[in-house]
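First the structure, in the form of structure tokens, and then the observations on it.
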Amino acid sequence: MSKTKLQVDPSHLVPAVLTPPISKSDAQRAMVLAHLTGAWPLPVLQEEPEQFLPADVRVIRRGIETLRLPPGPVRDVNCADGGAPFRILVTQAAVTPGAHVRLTGTPRLGERPHGALFDSLREALGPSGLVLTEGNPWPVEIHAPTKTGEPVFRVPGAQSSQYASSLLLGCAALYLRERRPWRVEIIGPLTSAGYLELTVSWLRRFGFTVQESEGRLEVTDYRAPERTPAMPGDWSSLGYLLLIAWHTGGSVERADLSSAHPDQALVRLVERAGLTTVAGPDNTLRMTGKAKDGLVASGKECPDLLPTLAALACVLPRPSTLTDVGVLRLKESDRLEGIRTLVDAFGGKTQLEGETLTIHPPTSHPSHFSMDSKEDHRLAMVAATLSVVSGVPLTLTGPECVEKSFPGFWRQLERAGVRLTS
Ligand SMILES: O=C(O)C1=C[C@@H](OP(=O)(O)O)[C@@H](O)[C@H](O)C1
Ligand SMILES: C=C(OP(=O)(O)O)C(=O)O
């Protein structure tokens, strides 16, 4: 079957107020905690129009609904392309007494690393009867025990923070079940630490006490909060929209500057390039300034923002440096390669030394460029963002994948005057 192609024409831009979806990372955590603490279903999921819910949020919802059914026959949950949803559901299945589920996903999700999480669950719960089997790579089948042992999960942190986040949400479940402290011990360095902090902040908002010390997180208490916390807009999606608003003179809404999402780092990181964000009323934000320098950012701090920053780097007057880029190889596609392909397609150059990527913008813009999303939502959206901020038309192969985190993305682009044809 031939893949869909989308023509992106940025020659009629207008200033508009652009709206991100709810944050999938925040919503995933909040949904699990709502399920555990008796606050299910989360009101925000009923208020948000269904067609704008990120696909990954729908995956977690389906998974939780399955785990809420009384123990019975083996049940299937398709995690599609969702790394965090899959990893979170594996642990939630393993800590739901008697649950028997079979998880599947895309071939790419099957290729991404999960073994360290499986080993951690087997080490902690295997002696109590957990059965976790792996297909090739699908299905991953989990049969959860009804008892537990020593209250600790040990997991390495270098590949993904999602292992530790998933296990910490497991600790919350086990604390409520047993009323004894459960902890996660992280072995070695931790990547994407801000996402684990996001998990801790959601546990606290839902009433859990989490004690943190070097490489160790322990859930020690729970008291129901007075109200269910609100759901912020997605800072990863705000990244594309803010750059578009910068170029068109528009603004974004739902930009909560008190959010704990790691991609809020954008606001600080663009300052080096000469750009400033200006907050307006009701969580609106604009970006102003004339680009004067390159960017510097680390994949350890904000991995999902690096493709967006790479697009911006293509229109800056000086080179940009992205450090700790190795983690990008483990995402929905090899994003390190994806970034290099994008810069190359736009006429720029990249140089990789160890884990550091230098991006040299082109001296003049091409008249047109093409990009294949490789079914990676972020690559699709950053290619389109680059088209808008440079004014250069784009032919994009595989635009549908934006569904994963931002189903309304193309509609937002049309609001900014972008003409889309297939
Ligand atoms: O916990 C999360 O919600 C996420 C953590 C990060 O992954 P890693 O910790 O695997 O880098 C990030 O890239 C991903 O999009 C979402
Ligand atoms: C890497 C991502 O998500 P996940 O790991 O949850 O698939 C992402 O959304 O960029």
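Identifiers in this document derive from the order of the structure tokens: chains are assigned A, B, ..., residues are numbered from 1 separately in each chain, and ligands are numbered from 1 in order of occurrence.
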Give me, as a PyMOL selection string, the set of residues whose atoms come within 7 Å of any atom of ligand 1, counting only C-alpha atoms and all ligand atoms. chain A and resi 25+84+159-162+165+191-192+195-196+303-304+327+331
Please, could you write that set of residues out with N, CA and C atoms as a compact mmCIF listing (two decimals), in the first residue's frame?
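Written file, part-v7.txt:
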# COMPACT_ATOMS: atom_id res chain seq x y z
N SER A 25 1.68 12.59 28.75
CA SER A 25 2.49 12.13 29.89
C SER A 25 1.77 12.41 31.21
N ALA A 84 5.37 4.62 26.85
CA ALA A 84 5.00 4.83 28.25
C ALA A 84 3.72 4.05 28.59
N GLN A 159 18.54 3.54 30.25
CA GLN A 159 17.85 3.42 28.96
C GLN A 159 16.59 4.27 28.88
N SER A 160 15.84 4.28 29.98
CA SER A 160 14.55 4.96 29.97
C SER A 160 14.11 5.24 31.40
N SER A 161 13.59 6.45 31.62
CA SER A 161 13.04 6.77 32.95
C SER A 161 11.68 6.08 33.12
N GLN A 162 11.12 5.63 32.01
CA GLN A 162 9.77 5.05 32.09
C GLN A 162 9.73 3.77 32.94
N SER A 165 9.39 5.12 36.43
CA SER A 165 8.06 5.74 36.60
C SER A 165 6.98 4.67 36.72
N THR A 191 18.37 8.51 32.91
CA THR A 191 18.10 9.43 31.79
C THR A 191 16.71 10.04 31.97
N SER A 192 16.45 11.11 31.29
CA SER A 192 15.12 11.76 31.30
C SER A 192 14.57 11.91 32.71
N TYR A 195 11.08 13.29 33.77
CA TYR A 195 9.83 12.52 33.64
C TYR A 195 9.56 11.70 34.90
N LEU A 196 10.62 11.27 35.57
CA LEU A 196 10.39 10.57 36.84
C LEU A 196 9.90 11.58 37.89
N PRO A 303 14.32 14.97 26.13
CA PRO A 303 14.54 14.21 24.89
C PRO A 303 13.53 14.51 23.79
N ASP A 304 12.27 14.70 24.16
CA ASP A 304 11.25 14.87 23.12
C ASP A 304 11.30 16.24 22.45
N VAL A 327 19.89 8.62 23.50
CA VAL A 327 18.56 8.16 23.92
C VAL A 327 17.53 8.31 22.77
N LYS A 331 13.39 5.76 20.45
CA LYS A 331 12.02 6.28 20.46
C LYS A 331 11.17 5.63 19.37
Test item: residues lying within 7 Å of ligand 2 with only C-alpha atoms and all ligand atoms, as a ChimeraX atom specification: /A:81-85,304,331-332,378,405
Go ahead and dump the residues you just picked, C-alpha atoms, as a PDB file, in the first residue's frame.
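New file selection_26.pdb:
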ATOM      1  CA  ASP A  81       3.004   2.620  19.439  1.00  0.00           C
ATOM      2  CA  GLY A  82       2.843   3.774  23.064  1.00  0.00           C
ATOM      3  CA  GLY A  83       6.089   3.258  24.982  1.00  0.00           C
ATOM      4  CA  ALA A  84       5.002   4.827  28.253  1.00  0.00           C
ATOM      5  CA  PRO A  85       1.471   3.318  28.091  1.00  0.00           C
ATOM      6  CA  ASP A 304      11.247  14.871  23.121  1.00  0.00           C
ATOM      7  CA  LYS A 331      12.022   6.285  20.464  1.00  0.00           C
ATOM      8  CA  GLU A 332       9.146   5.681  18.000  1.00  0.00           C
ATOM      9  CA  ARG A 378       7.362  14.058  16.403  1.00  0.00           C
ATOM     10  CA  SER A 405       0.143  12.733  20.907  1.00  0.00           C
TER      11      SER A 405
END
Against stretch 30-36 of chain A, which residues of stretch 147-200 of chain A fall within 8 Å? For each one I want the closest pair of atoms and the distance in Å (one decimal), counting only C-alpha atoms, rows by chain and increasing residue number, as JSON lines.
{"residue": "A:Leu169", "atom": "CA", "partner": "A:Val32", "partner_atom": "CA", "distance": 7.5}
{"residue": "A:Ala172", "atom": "CA", "partner": "A:Leu36", "partner_atom": "CA", "distance": 7.9}
{"residue": "A:Ala173", "atom": "CA", "partner": "A:Leu36", "partner_atom": "CA", "distance": 6.2}
{"residue": "A:Leu176", "atom": "CA", "partner": "A:Leu36", "partner_atom": "CA", "distance": 7.8}
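If only C-alpha atoms are the atoms counted, then among A:Thr148, A:Ser367, A:Ser213, A:Ser387 the closest residue to A:Ile186 is A:Ser213.
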Non-local contacts of stretch 280-285 of chain A (7 Å; only C-alpha atoms; under 4 positions in same chain excluded) as a short mmCIF file (atom, residue, chain, number, x, y, z; two decimals) with C-alpha atoms, in the first residue's frame:
data_model
loop_
_atom_site.label_atom_id
_atom_site.label_comp_id
_atom_site.auth_asym_id
_atom_site.auth_seq_id
_atom_site.Cartn_x
_atom_site.Cartn_y
_atom_site.Cartn_z
CA SER A 251 -0.07 33.08 20.48
CA VAL A 252 -0.72 29.80 22.26
CA GLU A 253 -3.13 28.94 25.06
CA ARG A 254 -3.12 26.26 27.78
CA ALA A 255 0.56 27.04 28.43
CA ASP A 256 0.77 26.42 32.16
#
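Of the listed residues A:Ala99, A:Ala94, A:Leu330, A:Leu295, the one whose atoms come nearest to A:Leu69 is A:Ala99, with distances taken using only C-alpha atoms.
Scanning stretch 138-198 of chain A with DSSP on the backbone, the strand (DSSP E or B) assignments fall on Val140, Glu141, Ile142, His143, Val152, Phe153, Arg154, Val155, Pro156, Trp182, Arg183, Val184, Glu185, Ile186 and Ile187 of chain A.
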Fewer than 4 positions away in the same chain doesn't count, so skip those; otherwise give me all residues within 6 Å of stretch 178-182 of chain A, counting only C-alpha atoms, as a ChimeraX atom specification. /A:151-152,171,174,218-220
Selection from above, N, CA and C atoms, as a PDB file, in the first residue's frame, can you write it?
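Output (out_12.pdb):
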ATOM      1  N   PRO A 151       9.334  -5.569  49.671  1.00  0.00           N
ATOM      2  CA  PRO A 151       8.684  -4.436  48.978  1.00  0.00           C
ATOM      3  C   PRO A 151       9.651  -3.528  48.232  1.00  0.00           C
ATOM      4  N   VAL A 152      10.347  -4.056  47.266  1.00  0.00           N
ATOM      5  CA  VAL A 152      11.312  -3.232  46.537  1.00  0.00           C
ATOM      6  C   VAL A 152      11.429  -3.693  45.079  1.00  0.00           C
ATOM      7  N   CYS A 171       4.332   0.947  42.924  1.00  0.00           N
ATOM      8  CA  CYS A 171       4.485   1.101  44.380  1.00  0.00           C
ATOM      9  C   CYS A 171       3.233   1.750  44.992  1.00  0.00           C
ATOM     10  N   LEU A 174       0.646  -0.888  45.267  1.00  0.00           N
ATOM     11  CA  LEU A 174       0.955  -1.869  46.313  1.00  0.00           C
ATOM     12  C   LEU A 174       0.849  -1.240  47.708  1.00  0.00           C
ATOM     13  N   GLU A 218      10.508   6.134  47.656  1.00  0.00           N
ATOM     14  CA  GLU A 218       9.679   5.247  48.467  1.00  0.00           C
ATOM     15  C   GLU A 218       8.303   5.859  48.718  1.00  0.00           C
ATOM     16  N   VAL A 219       7.261   5.069  48.463  1.00  0.00           N
ATOM     17  CA  VAL A 219       5.887   5.513  48.744  1.00  0.00           C
ATOM     18  C   VAL A 219       5.570   5.077  50.167  1.00  0.00           C
ATOM     19  N   THR A 220       5.342   6.062  51.041  1.00  0.00           N
ATOM     20  CA  THR A 220       5.225   5.731  52.480  1.00  0.00           C
ATOM     21  C   THR A 220       3.870   6.067  53.099  1.00  0.00           C
TER      22      THR A 220
END
What residues in stretch 152-394 of chain A get the DSSP label helix (DSSP H, G or I)? Please answer as a CSV table (one decimal) with C-alpha atoms, in the first residue's frame.
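Heads up, here's the output in out_5.csv:
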chain,number,residue,atom,x,y,z
A,162,GLN,CA,9.8,5.0,32.1
A,163,TYR,CA,10.9,1.9,33.9
A,164,ALA,CA,11.2,3.7,37.2
A,165,SER,CA,8.1,5.7,36.6
A,166,SER,CA,6.1,2.6,35.9
A,167,LEU,CA,7.4,0.8,39.0
A,168,LEU,CA,6.7,3.9,41.2
A,169,LEU,CA,3.1,3.8,40.0
A,170,GLY,CA,3.2,0.1,40.9
A,171,CYS,CA,4.5,1.1,44.4
A,172,ALA,CA,1.4,3.4,44.8
A,173,ALA,CA,-0.8,0.4,43.9
A,174,LEU,CA,1.0,-1.9,46.3
A,175,TYR,CA,1.0,0.7,49.1
A,176,LEU,CA,-2.8,1.0,48.9
A,177,ARG,CA,-3.2,-2.7,48.7
A,178,GLU,CA,-0.9,-3.6,51.7
A,193,ALA,CA,15.1,12.4,35.1
A,194,GLY,CA,12.4,15.1,34.7
A,195,TYR,CA,9.8,12.5,33.6
A,196,LEU,CA,10.4,10.6,36.8
A,197,GLU,CA,10.0,13.8,38.7
A,198,LEU,CA,6.7,14.3,36.8
A,199,THR,CA,5.6,11.0,38.1
A,200,VAL,CA,6.5,11.9,41.7
A,201,SER,CA,4.7,15.2,41.4
A,202,TRP,CA,1.5,13.4,40.2
A,203,LEU,CA,1.7,10.9,43.1
A,204,ARG,CA,1.9,13.8,45.5
A,205,ARG,CA,-1.0,15.7,43.9
A,235,TRP,CA,4.4,21.2,26.6
A,236,SER,CA,5.8,18.9,23.9
A,237,SER,CA,3.0,20.1,21.6
A,238,LEU,CA,3.4,23.7,22.8
A,239,GLY,CA,6.9,23.5,21.5
A,240,TYR,CA,5.7,23.3,17.8
A,241,LEU,CA,2.9,25.8,18.4
A,242,LEU,CA,5.1,28.4,20.1
A,243,LEU,CA,7.6,28.4,17.2
A,244,ILE,CA,4.7,28.7,14.8
A,245,ALA,CA,3.2,31.6,16.9
A,246,TRP,CA,6.7,33.3,16.9
A,247,HIS,CA,6.8,33.3,13.1
A,248,THR,CA,3.2,34.3,12.5
A,262,PRO,CA,10.3,18.5,31.1
A,263,ASP,CA,9.6,20.1,27.7
A,264,GLN,CA,8.7,23.4,29.4
A,265,ALA,CA,12.5,23.8,29.2
A,266,LEU,CA,11.8,25.3,25.8
A,267,VAL,CA,11.1,28.7,27.4
A,268,ARG,CA,14.6,28.8,28.9
A,269,LEU,CA,16.4,27.1,26.0
A,270,VAL,CA,15.3,29.5,23.3
A,271,GLU,CA,16.7,32.5,25.2
A,272,ARG,CA,20.2,31.7,24.1
A,273,ALA,CA,19.0,32.0,20.5
A,303,PRO,CA,14.5,14.2,24.9
A,304,ASP,CA,11.2,14.9,23.1
A,305,LEU,CA,12.1,18.5,22.5
A,306,LEU,CA,15.3,17.9,20.6
A,307,PRO,CA,13.6,17.2,17.3
A,308,THR,CA,11.7,20.5,17.7
A,309,LEU,CA,14.9,22.4,18.6
A,310,ALA,CA,16.6,20.8,15.6
A,311,ALA,CA,13.9,22.3,13.4
A,312,LEU,CA,14.5,25.7,15.0
A,313,ALA,CA,18.2,25.2,14.6
A,325,VAL,CA,21.5,12.4,21.9
A,326,GLY,CA,22.0,8.6,22.2
A,327,VAL,CA,18.6,8.2,23.9
A,328,LEU,CA,16.9,9.4,20.7
A,329,ARG,CA,17.7,6.1,19.0
A,330,LEU,CA,15.2,4.3,21.3
A,335,ARG,CA,15.1,10.0,16.0
A,336,LEU,CA,18.8,10.8,15.8
A,337,GLU,CA,18.8,9.6,12.3
A,338,GLY,CA,15.5,11.4,11.7
A,339,ILE,CA,16.9,14.7,12.9
A,340,ARG,CA,19.9,14.3,10.6
A,341,THR,CA,17.7,13.4,7.7
A,342,LEU,CA,15.6,16.5,8.3
A,343,VAL,CA,18.5,18.9,8.5
A,344,ASP,CA,20.0,17.3,5.5
A,345,ALA,CA,16.7,17.6,3.5
A,377,HIS,CA,4.6,11.7,15.3
A,378,ARG,CA,7.4,14.1,16.4
A,379,LEU,CA,9.2,13.9,13.1
A,380,ALA,CA,6.0,14.6,11.2
A,381,MET,CA,5.2,17.6,13.4
A,382,VAL,CA,8.7,19.1,13.5
A,383,ALA,CA,9.0,18.8,9.7
A,384,ALA,CA,5.8,20.8,9.4
A,385,THR,CA,7.0,23.3,12.0
A,386,LEU,CA,10.2,23.8,10.0
A,387,SER,CA,8.1,24.4,6.9
A,388,VAL,CA,6.1,27.1,8.7
A,389,VAL,CA,9.0,28.9,10.4
A,390,SER,CA,11.1,28.9,7.2
Taking only C-alpha atoms into account, name the residue in A:Gly398, A:Gly408, A:Pro139, A:Pro54 that is nearest to A:Ser2. A:Gly398
